[in-house]
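Data block for input-v9.cif (mmCIF, C-alpha atoms):
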```cif
data_data
#
loop_
_atom_site.label_atom_id
_atom_site.label_comp_id
_atom_site.auth_asym_id
_atom_site.auth_seq_id
_atom_site.Cartn_x
_atom_site.Cartn_y
_atom_site.Cartn_z
CA MET Z 75 13.40 17.43 -15.50
CA THR Z 76 11.79 20.55 -14.08
CA ALA Z 77 13.82 23.21 -12.24
CA ARG Z 78 12.24 21.93 -9.04
CA THR Z 79 11.59 18.26 -8.44
CA ARG Z 80 7.86 17.85 -8.85
CA VAL Z 81 6.19 14.82 -7.24
CA ALA Z 82 2.58 13.70 -7.71
CA VAL Z 83 0.89 11.69 -4.96
CA LEU Z 84 -2.24 9.88 -6.11
CA GLY Z 85 -4.49 9.09 -3.18
CA CYS Z 86 -4.27 11.29 -0.12
CA GLY Z 87 -5.49 8.98 2.60
CA ALA Z 88 -3.27 8.21 5.58
CA ILE Z 89 -0.27 6.88 3.66
CA GLY Z 90 -0.52 9.31 0.75
CA SER Z 91 -0.86 12.22 3.16
CA LEU Z 92 2.16 11.15 5.21
CA TYR Z 93 4.32 10.73 2.13
CA ALA Z 94 3.13 13.98 0.55
CA ALA Z 95 3.75 15.96 3.73
CA HIS Z 96 7.22 14.56 4.37
CA LEU Z 97 8.31 15.07 0.77
CA ALA Z 98 7.03 18.65 0.82
CA ARG Z 99 9.48 19.43 3.63
CA VAL Z 100 12.47 18.74 1.37
CA PRO Z 101 14.02 21.89 -0.14
CA GLY Z 102 13.48 22.04 -3.88
CA VAL Z 103 10.56 19.57 -3.90
CA GLU Z 104 7.08 20.57 -5.02
CA VAL Z 105 4.31 18.12 -4.12
CA TRP Z 106 0.95 17.77 -5.85
CA ALA Z 107 -1.65 15.50 -4.25
CA VAL Z 108 -4.82 14.19 -5.89
CA ASP Z 109 -7.76 12.83 -3.89
CA PRO Z 110 -11.53 12.76 -4.44
CA TRP Z 111 -12.39 13.99 -0.91
CA ASP Z 112 -13.37 17.62 -1.46
CA GLY Z 113 -13.07 18.65 2.18
CA HIS Z 114 -9.59 17.18 2.63
CA VAL Z 115 -8.33 18.75 -0.59
CA ALA Z 116 -9.84 22.14 0.23
CA ALA Z 117 -8.27 22.17 3.69
CA ILE Z 118 -4.84 21.23 2.33
CA ALA Z 119 -5.05 23.85 -0.39
CA LEU Z 120 -6.06 26.54 2.10
CA GLU Z 121 -3.89 25.80 5.14
CA GLY Z 122 -1.37 23.11 4.13
CA LEU Z 123 -1.20 19.48 5.17
CA ARG Z 124 -0.84 19.11 8.95
CA VAL Z 125 0.94 16.10 10.48
CA THR Z 126 0.33 15.23 14.15
CA GLY Z 127 1.29 12.30 16.37
CA LEU Z 128 4.93 11.25 16.00
CA ALA Z 129 5.66 14.50 14.15
CA ASP Z 130 4.19 17.98 14.32
CA PHE Z 131 4.44 20.19 11.25
CA VAL Z 132 2.45 21.71 8.40
CA ALA Z 133 3.63 21.13 4.84
CA PRO Z 134 2.77 23.16 1.74
CA VAL Z 135 1.09 20.74 -0.68
CA HIS Z 136 -0.81 21.55 -3.87
CA ALA Z 137 -4.05 19.56 -3.61
CA LEU Z 138 -6.54 18.70 -6.35
CA THR Z 139 -9.65 16.58 -6.75
CA ASP Z 140 -9.09 16.22 -10.51
CA ALA Z 141 -5.81 14.85 -11.87
CA ALA Z 142 -6.37 16.81 -15.06
CA GLY Z 143 -4.95 19.81 -13.18
CA LEU Z 144 -1.58 18.15 -12.53
CA PRO Z 145 1.46 19.75 -14.15
CA PRO Z 146 4.17 17.51 -15.65
CA CYS Z 147 5.88 15.65 -12.80
CA ASP Z 148 9.28 13.99 -12.34
CA LEU Z 149 8.16 11.35 -9.86
CA GLY Z 150 4.88 9.82 -8.79
CA ILE Z 151 3.59 7.86 -5.82
CA VAL Z 152 0.39 5.83 -6.00
CA ALA Z 153 -1.25 5.42 -2.59
CA THR Z 154 -4.86 4.62 -3.51
CA LYS Z 155 -6.72 1.47 -2.57
CA ALA Z 156 -5.68 -1.32 -4.93
CA LEU Z 157 -9.00 -1.42 -6.73
CA HIS Z 158 -8.63 2.25 -7.73
CA THR Z 159 -5.08 2.00 -9.10
CA ARG Z 160 -5.83 1.85 -12.82
CA ALA Z 161 -8.37 4.67 -12.80
CA ALA Z 162 -6.13 6.95 -10.74
CA VAL Z 163 -3.10 6.37 -12.96
CA GLU Z 164 -5.04 6.74 -16.19
CA ALA Z 165 -6.43 10.07 -14.99
CA ALA Z 166 -2.94 11.33 -14.12
CA ALA Z 167 -1.15 9.82 -17.10
CA PRO Z 168 -0.63 13.04 -19.10
CA ALA Z 169 1.34 14.50 -16.18
CA LEU Z 170 3.30 11.30 -15.52
CA ARG Z 171 4.43 10.28 -19.02
CA GLU Z 172 8.08 11.06 -18.22
CA ALA Z 173 7.90 10.23 -14.50
CA ALA Z 174 9.07 7.24 -12.51
CA VAL Z 175 6.01 6.09 -10.56
CA ALA Z 176 6.05 4.02 -7.36
CA SER Z 177 3.32 1.99 -5.70
CA VAL Z 178 3.26 2.14 -1.89
CA GLN Z 179 -0.01 0.20 -1.74
CA ASN Z 180 -1.14 -3.00 -0.10
CA GLY Z 181 -0.84 -6.33 -1.81
CA LEU Z 182 0.33 -7.52 -5.20
CA GLY Z 183 -0.58 -6.51 -8.73
CA ASN Z 184 -0.58 -2.73 -8.33
CA GLU Z 185 2.66 -2.33 -10.26
CA GLU Z 186 1.17 -4.29 -13.15
CA GLU Z 187 -1.78 -1.90 -13.22
CA ILE Z 188 0.56 1.11 -13.31
CA ALA Z 189 2.75 -0.48 -15.99
CA ALA Z 190 -0.30 -0.98 -18.21
CA VAL Z 191 -0.47 2.82 -18.47
CA LEU Z 192 3.04 4.18 -17.80
CA PRO Z 193 6.51 2.99 -18.81
CA ARG Z 194 8.69 3.55 -15.69
CA VAL Z 195 7.45 1.77 -12.57
CA ILE Z 196 8.90 1.32 -9.07
CA ARG Z 197 7.94 -1.53 -6.75
CA GLY Z 198 7.45 -0.23 -3.21
CA SER Z 199 6.77 -1.58 0.25
CA ILE Z 200 6.20 0.35 3.47
CA VAL Z 201 5.39 -0.26 7.12
CA THR Z 202 4.56 3.33 8.06
CA ALA Z 203 1.10 3.76 9.61
CA GLY Z 204 -1.25 6.64 10.35
CA ALA Z 205 -4.80 7.90 10.01
CA VAL Z 206 -6.51 10.93 8.53
CA THR Z 207 -8.21 12.50 11.54
CA GLY Z 208 -10.01 15.31 9.74
CA PRO Z 209 -9.82 17.47 6.63
CA GLY Z 210 -6.23 18.52 6.06
CA THR Z 211 -4.81 16.54 9.02
CA VAL Z 212 -3.04 13.18 9.20
CA ARG Z 213 -1.86 11.49 12.39
CA TYR Z 214 1.53 9.77 12.18
CA ASP Z 215 1.11 6.62 14.28
CA ALA Z 216 3.99 4.28 13.54
CA PRO Z 217 7.35 4.89 11.90
CA GLY Z 218 8.96 2.33 9.68
CA ASP Z 219 11.28 1.91 6.75
CA SER Z 220 10.27 1.93 3.10
CA TRP Z 221 11.85 -0.11 0.31
CA LEU Z 222 11.88 0.75 -3.39
CA GLY Z 223 13.14 -1.18 -6.40
CA PRO Z 224 12.55 -1.34 -10.15
CA PHE Z 225 9.45 -3.21 -11.25
CA GLU Z 226 11.15 -5.80 -13.43
CA PRO Z 227 8.82 -5.97 -16.45
CA SER Z 228 8.61 -2.17 -16.83
CA PRO Z 229 11.35 -0.69 -14.64
CA ALA Z 230 12.27 2.79 -13.66
CA SER Z 231 16.03 3.27 -13.77
CA ALA Z 232 18.20 2.59 -10.73
CA ALA Z 233 18.96 6.31 -10.64
CA GLN Z 234 15.26 7.18 -10.48
CA VAL Z 235 14.69 4.65 -7.70
CA ARG Z 236 17.56 6.19 -5.72
CA TRP Z 237 16.25 9.69 -6.44
CA LEU Z 238 12.88 8.98 -4.85
CA ALA Z 239 14.42 7.00 -1.99
CA ASP Z 240 16.83 9.84 -1.19
CA LEU Z 241 14.04 12.43 -1.22
CA LEU Z 242 11.85 10.37 1.12
CA THR Z 243 14.77 9.83 3.48
CA ALA Z 244 15.57 13.53 3.42
CA GLY Z 245 11.95 14.25 4.32
CA GLY Z 246 12.11 11.98 7.37
CA LEU Z 247 10.87 8.63 6.01
CA ARG Z 248 13.89 6.32 5.83
CA THR Z 249 13.82 4.56 2.47
CA HIS Z 250 16.10 1.93 0.93
CA ALA Z 251 16.78 1.69 -2.81
CA LEU Z 252 17.16 -1.98 -3.80
CA ASP Z 253 17.86 -3.94 -6.96
CA ASP Z 254 15.00 -6.31 -6.04
CA ALA Z 255 12.22 -5.09 -3.74
CA ARG Z 256 10.13 -8.26 -3.89
CA GLY Z 257 11.44 -9.47 -0.52
CA PRO Z 258 10.13 -6.51 1.51
CA GLN Z 259 6.89 -6.47 -0.47
CA TRP Z 260 6.20 -10.16 0.09
CA THR Z 261 7.24 -9.98 3.74
CA LYS Z 262 4.35 -7.59 4.31
CA VAL Z 263 1.94 -9.39 1.97
CA VAL Z 264 2.44 -12.81 3.58
CA PHE Z 265 1.61 -11.49 7.06
CA ASN Z 266 -1.33 -9.39 5.89
CA ALA Z 267 -2.82 -12.17 3.79
CA ALA Z 268 -2.52 -14.65 6.66
CA THR Z 269 -4.33 -12.40 9.13
CA SER Z 270 -6.47 -9.74 7.45
CA ALA Z 271 -8.98 -11.95 5.67
CA ILE Z 272 -9.62 -13.99 8.83
CA ALA Z 273 -10.07 -10.77 10.81
CA ALA Z 274 -12.47 -9.47 8.16
CA LEU Z 275 -14.51 -12.67 8.19
CA THR Z 276 -14.68 -13.00 11.99
CA GLY Z 277 -14.70 -9.36 13.13
CA LEU Z 278 -11.77 -10.09 15.44
CA SER Z 279 -8.65 -8.00 15.97
CA ILE Z 280 -5.27 -9.21 14.72
CA GLY Z 281 -4.26 -10.25 18.24
CA ARG Z 282 -7.39 -12.30 18.80
CA VAL Z 283 -7.06 -13.98 15.39
CA CYS Z 284 -3.46 -14.94 16.14
CA THR Z 285 -4.16 -16.31 19.63
CA ASP Z 286 -7.47 -18.09 19.08
CA PRO Z 287 -6.79 -21.86 19.33
CA GLU Z 288 -8.96 -22.63 16.29
CA LEU Z 289 -7.89 -19.68 14.11
CA ARG Z 290 -4.12 -19.67 14.74
CA PRO Z 291 -3.63 -22.96 12.83
CA GLN Z 292 -5.37 -21.32 9.87
CA VAL Z 293 -2.98 -18.36 10.07
CA ASP Z 294 0.00 -20.72 10.14
CA ALA Z 295 -1.34 -22.73 7.20
CA LEU Z 296 -1.85 -19.60 5.10
CA ILE Z 297 1.73 -18.56 5.89
CA ALA Z 298 3.03 -22.00 4.89
CA GLU Z 299 1.23 -21.82 1.53
CA ALA Z 300 2.63 -18.37 0.84
CA LEU Z 301 6.16 -19.44 1.80
CA ALA Z 302 5.95 -22.29 -0.70
CA VAL Z 303 5.10 -19.73 -3.40
CA CYS Z 304 8.04 -17.56 -2.35
CA ASP Z 305 10.41 -20.52 -2.52
CA ALA Z 306 9.25 -21.41 -6.03
CA ALA Z 307 9.48 -17.78 -7.19
CA GLY Z 308 12.93 -17.19 -5.72
CA ILE Z 309 11.73 -14.52 -3.26
CA ALA Z 310 13.70 -14.11 -0.02
CA LEU Z 311 11.69 -12.52 2.80
CA LEU Z 312 13.23 -9.99 5.17
CA ARG Z 313 12.01 -11.87 8.23
CA ASP Z 314 10.17 -15.01 9.29
CA PRO Z 315 6.41 -14.28 9.17
CA ALA Z 316 6.07 -16.12 12.48
CA GLU Z 317 8.09 -13.32 14.07
CA ALA Z 318 5.67 -10.77 12.61
CA VAL Z 319 2.76 -12.69 14.10
CA GLU Z 320 4.29 -12.73 17.57
CA GLU Z 321 5.17 -9.04 17.29
CA ALA Z 322 1.58 -8.23 16.31
CA VAL Z 323 0.25 -10.13 19.30
CA ALA Z 324 2.61 -8.28 21.64
CA GLU Z 325 2.38 -4.79 20.16
CA ALA Z 326 -0.86 -4.53 18.16
CA PHE Z 327 -3.26 -6.97 19.82
CA ASP Z 328 -6.35 -4.78 19.31
CA HIS Z 329 -5.44 -3.60 15.80
CA ARG Z 330 -8.29 -3.87 13.31
CA PRO Z 331 -6.75 -4.25 9.84
CA SER Z 332 -7.97 -2.20 6.93
CA MET Z 333 -9.82 -5.16 5.43
CA LEU Z 334 -11.89 -5.52 8.60
CA GLN Z 335 -12.52 -1.77 8.57
CA ASP Z 336 -13.70 -2.06 4.95
CA VAL Z 337 -16.07 -4.89 5.83
CA VAL Z 338 -17.52 -2.96 8.77
CA ALA Z 339 -18.09 0.01 6.44
CA ARG Z 340 -19.39 -2.30 3.69
CA ARG Z 341 -16.73 -1.16 1.24
CA ALA Z 342 -15.03 -3.34 -1.36
CA THR Z 343 -11.91 -4.91 0.15
CA GLU Z 344 -8.38 -5.48 -1.16
CA ILE Z 345 -8.73 -9.27 -0.97
CA ASP Z 346 -7.78 -9.65 -4.65
CA ALA Z 347 -4.48 -7.83 -4.08
CA LEU Z 348 -3.59 -9.82 -0.95
CA ASN Z 349 -4.72 -13.46 -0.92
CA GLY Z 350 -5.67 -13.21 -4.58
CA GLY Z 351 -2.18 -11.97 -5.44
CA ILE Z 352 -0.59 -14.93 -3.68
CA ALA Z 353 -2.95 -17.31 -5.48
CA ARG Z 354 -2.09 -15.77 -8.87
CA GLU Z 355 1.64 -16.05 -8.24
CA GLY Z 356 1.16 -19.60 -7.02
CA ALA Z 357 -0.58 -20.48 -10.27
CA ARG Z 358 2.28 -18.89 -12.22
CA VAL Z 359 4.99 -20.90 -10.46
CA GLY Z 360 2.99 -24.13 -10.14
CA VAL Z 361 2.26 -24.06 -6.40
CA ALA Z 362 -1.26 -24.87 -5.21
CA THR Z 363 -2.79 -22.28 -2.85
CA PRO Z 364 -6.24 -23.63 -1.92
CA ARG Z 365 -6.39 -21.83 1.43
CA HIS Z 366 -5.70 -18.42 -0.11
CA ALA Z 367 -8.21 -19.16 -2.86
CA ALA Z 368 -10.74 -20.03 -0.15
CA MET Z 369 -10.14 -16.69 1.60
CA VAL Z 370 -10.76 -14.88 -1.69
CA ALA Z 371 -14.01 -16.77 -2.28
CA LEU Z 372 -15.26 -16.23 1.26
CA VAL Z 373 -14.55 -12.50 1.33
CA HIS Z 374 -16.08 -12.08 -2.13
CA GLY Z 375 -19.16 -13.84 -0.84
CA LEU Z 376 -19.29 -11.52 2.15
CA GLU Z 377 -18.99 -8.48 -0.12
CA SER Z 378 -21.78 -9.81 -2.30
CA SER Z 379 -24.05 -10.12 0.72
CA TRP Z 380 -24.29 -6.35 0.90
CA THR Z 381 -23.72 -5.34 -2.72
CA GLY Z 382 -25.85 -7.95 -4.40
CA ALA Z 383 -23.18 -8.27 -7.09
CA PRO Z 384 -22.13 -11.79 -8.12
CA THR Z 385 -18.66 -12.86 -7.03
CA ALA Z 386 -17.65 -13.23 -10.68
CA ALA Z 387 -17.63 -9.44 -10.88
CA HIS Z 388 -14.59 -9.36 -8.58
CA GLY Z 389 -11.01 -10.01 -9.51
CA ARG Z 390 -7.99 -8.44 -11.15
CA GLY Z 391 -7.79 -10.48 -14.30
#
```
This entry written out as structure tokens:
Amino acid sequence: MTARTRVAVLGCGAIGSLYAAHLARVPGVEVWAVDPWDGHVAAIALEGLRVTGLADFVAPVHALTDAAGLPPCDLGIVATKALHTRAAVEAAAPALREAAVASVQNGLGNEEEIAAVLPRVIRGSIVTAGAVTGPGTVRYDAPGDSWLGPFEPSPASAAQVRWLADLLTAGGLRTHALDDARGPQWTKVVFNAATSAIAALTGLSIGRVCTDPELRPQVDALIAEALAVCDAAGIALLRDPAEAVEEAVAEAFDHRPSMLQDVVARRATEIDALNGGIAREGARVGVATPRHAAMVALVHGLESSWTGAPTAAHGRG
């Protein structure tokens, strides 16, 4: 362990920026962030990482565009889009060989990608929200707890999980260290998978998807499929997904999920980590998930309409 606790944050979008900035406020913690956006990295390196919105502070963060410049780190946080996980971790691997590394990403399968490269992995789930509003600045939009636990096939130690959770809490992001973090992770995944793909395919906000008389039954059916997978896998959710749907209608009616934003921008989506992740786990535990498989096929088809790439090119193995 270094004299100071050194943390690497891979991916400095909204979530990575919020986590990097809050960690950098903790005495004795040195934060290194890696992101390909030159302007964002240059602004952070020159003036620090500014947080606005629910908080107002500037944090000293070392920022790089190339992970080859990372020093050896004690802890790591992966906050890239799911499809960039493997490449980001492989690039940073020399600095993270002795580190415990957590995913705070959307969907399922990111921990497996990290574990293919590094030996000590933490399963993470978050509900914090924000947006990068310009180079070097992130807006903190919605607070929320984080949950961390060992990734069972390739776990970080309980002490390492607590270490990272305690640092995040000290920085202002309340985080719980658990023996099994699948419940929080799946609580988020089930809601996102039931709503995001439909929003991406229709162009409608979460609230409109969840209140449309033809679409709401599809949301409910996707939730039911996912709950059957959870039951077979022994995963206990933190809350009933139906409550999350009603909360979204009441509090985030006009929210456009990241998958819809990706479709509008004609970027590759995280469909394979969301609905695809549920379908993979369903296959593992013997539960059919035809509706989630249909969402994957439809979004892949939509992606192919602007990329020209065949849908067979998609997937996470």
Among the residues Z:Arg99, Z:Gly183, Z:Ser379, Z:His114, the one that comes closest to Thr243 (chain Z) [using only C-alpha atoms]: Z:Arg99
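Using all atoms listed in the file, the shortest contact distance between Phe225 (chain Z) and any of Z:Ala239, Z:Val163, Z:Ala174, Z:Leu128 is found at Z:Ala174.
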Skipping near chain neighbours, those fewer than 4 positions away, what residues fall within 7 Å of Gly281 (chain Z) using only C-alpha atoms, listed as a PDB file with C-alpha atoms, in the coordinates of the input?
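result15.pdb, freshly written:
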```pdb
ATOM      1  CA  THR Z 285      -4.160 -16.310  19.630  1.00  0.00           C
ATOM      2  CA  ALA Z 322       1.580  -8.230  16.310  1.00  0.00           C
ATOM      3  CA  VAL Z 323       0.250 -10.130  19.300  1.00  0.00           C
ATOM      4  CA  ALA Z 326      -0.860  -4.530  18.160  1.00  0.00           C
ATOM      5  CA  PHE Z 327      -3.260  -6.970  19.820  1.00  0.00           C
ATOM      6  CA  ASP Z 328      -6.350  -4.780  19.310  1.00  0.00           C
TER       7      ASP Z 328
END
```
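CA of Gly143 (chain Z) lies 19.3 Å from CA of Gly210 (chain Z).
Of the listed residues (Z:Leu289, Z:Ala353, Z:Leu123, Z:Ala318), Z:Ala353 comes nearest to Val303 (chain Z); the distances count all atoms listed in the file.
When the PyMOL selection byres ((chain Z and resi 135-138) around 6) is evaluated against the file, it yields Val105, Trp106, Ala107, Val108, Val115, Ala119, Gly122, Pro134, Thr139 and Asp140 of chain Z.
Among the candidates Z:Phe265, Z:Val283, Z:Ala176, Z:Thr276, the residue lying nearest to Val235 (chain Z) is Z:Ala176 (atoms considered: only C-alpha atoms).
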Answer key for the PyMOL selection byres ((chain Z and resi 312) around 10), residues as number ranges by chain: Z: 256-262, 309-311, 313-315
Matched chain/residue IDs from the PyMOL selection byres ((chain Z and resi 349) around 7), as a count of residues only: 13
Interatomic distance (Å, one decimal) between CA of Arg213 (chain Z) and CA of Gly127 (chain Z): 5.1 Å
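Between CA of Glu104 (chain Z) and CA of Pro209 (chain Z) there is a distance of 20.8 Å.
Nearest residue to Asn184 (chain Z) among Z:Gly245, Z:Glu344, Z:Thr79, Z:Ala339 is Z:Glu344, counting only C-alpha atoms.
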Long-range neighbours of Ala273 (chain Z) as a PyMOL selection string, 12 Å cut-off, only C-alpha atoms, 2 positions minimum in chain: chain Z and resi 266-271+275-286+289-290+292-293+327-338+345+369+373
Excluding Ile89 (chain Z) and residues on its chain fewer than 6 positions from it, collect all residues at most 12 Å away from it, counting only C-alpha atoms, and give them as an mmCIF file with C-alpha atoms, keeping the file's coordinate frame.
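Resulting contents of result18.cif:
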```cif
data_model
loop_
_atom_site.group_PDB
_atom_site.id
_atom_site.type_symbol
_atom_site.label_atom_id
_atom_site.label_comp_id
_atom_site.auth_asym_id
_atom_site.auth_seq_id
_atom_site.Cartn_x
_atom_site.Cartn_y
_atom_site.Cartn_z
ATOM 1 C CA VAL Z 83 0.890 11.690 -4.960
ATOM 2 C CA ALA Z 95 3.750 15.960 3.730
ATOM 3 C CA HIS Z 96 7.220 14.560 4.370
ATOM 4 C CA ALA Z 107 -1.650 15.500 -4.250
ATOM 5 C CA VAL Z 125 0.940 16.100 10.480
ATOM 6 C CA ILE Z 151 3.590 7.860 -5.820
ATOM 7 C CA VAL Z 152 0.390 5.830 -6.000
ATOM 8 C CA ALA Z 153 -1.250 5.420 -2.590
ATOM 9 C CA THR Z 154 -4.860 4.620 -3.510
ATOM 10 C CA LYS Z 155 -6.720 1.470 -2.570
ATOM 11 C CA SER Z 177 3.320 1.990 -5.700
ATOM 12 C CA VAL Z 178 3.260 2.140 -1.890
ATOM 13 C CA GLN Z 179 -0.010 0.200 -1.740
ATOM 14 C CA ASN Z 180 -1.140 -3.000 -0.100
ATOM 15 C CA SER Z 199 6.770 -1.580 0.250
ATOM 16 C CA ILE Z 200 6.200 0.350 3.470
ATOM 17 C CA VAL Z 201 5.390 -0.260 7.120
ATOM 18 C CA THR Z 202 4.560 3.330 8.060
ATOM 19 C CA ALA Z 203 1.100 3.760 9.610
ATOM 20 C CA GLY Z 204 -1.250 6.640 10.350
ATOM 21 C CA ALA Z 205 -4.800 7.900 10.010
ATOM 22 C CA VAL Z 206 -6.510 10.930 8.530
ATOM 23 C CA THR Z 211 -4.810 16.540 9.020
ATOM 24 C CA VAL Z 212 -3.040 13.180 9.200
ATOM 25 C CA ARG Z 213 -1.860 11.490 12.390
ATOM 26 C CA TYR Z 214 1.530 9.770 12.180
ATOM 27 C CA ASP Z 215 1.110 6.620 14.280
ATOM 28 C CA ALA Z 216 3.990 4.280 13.540
ATOM 29 C CA PRO Z 217 7.350 4.890 11.900
ATOM 30 C CA GLY Z 218 8.960 2.330 9.680
ATOM 31 C CA SER Z 220 10.270 1.930 3.100
ATOM 32 C CA LEU Z 247 10.870 8.630 6.010
#
```
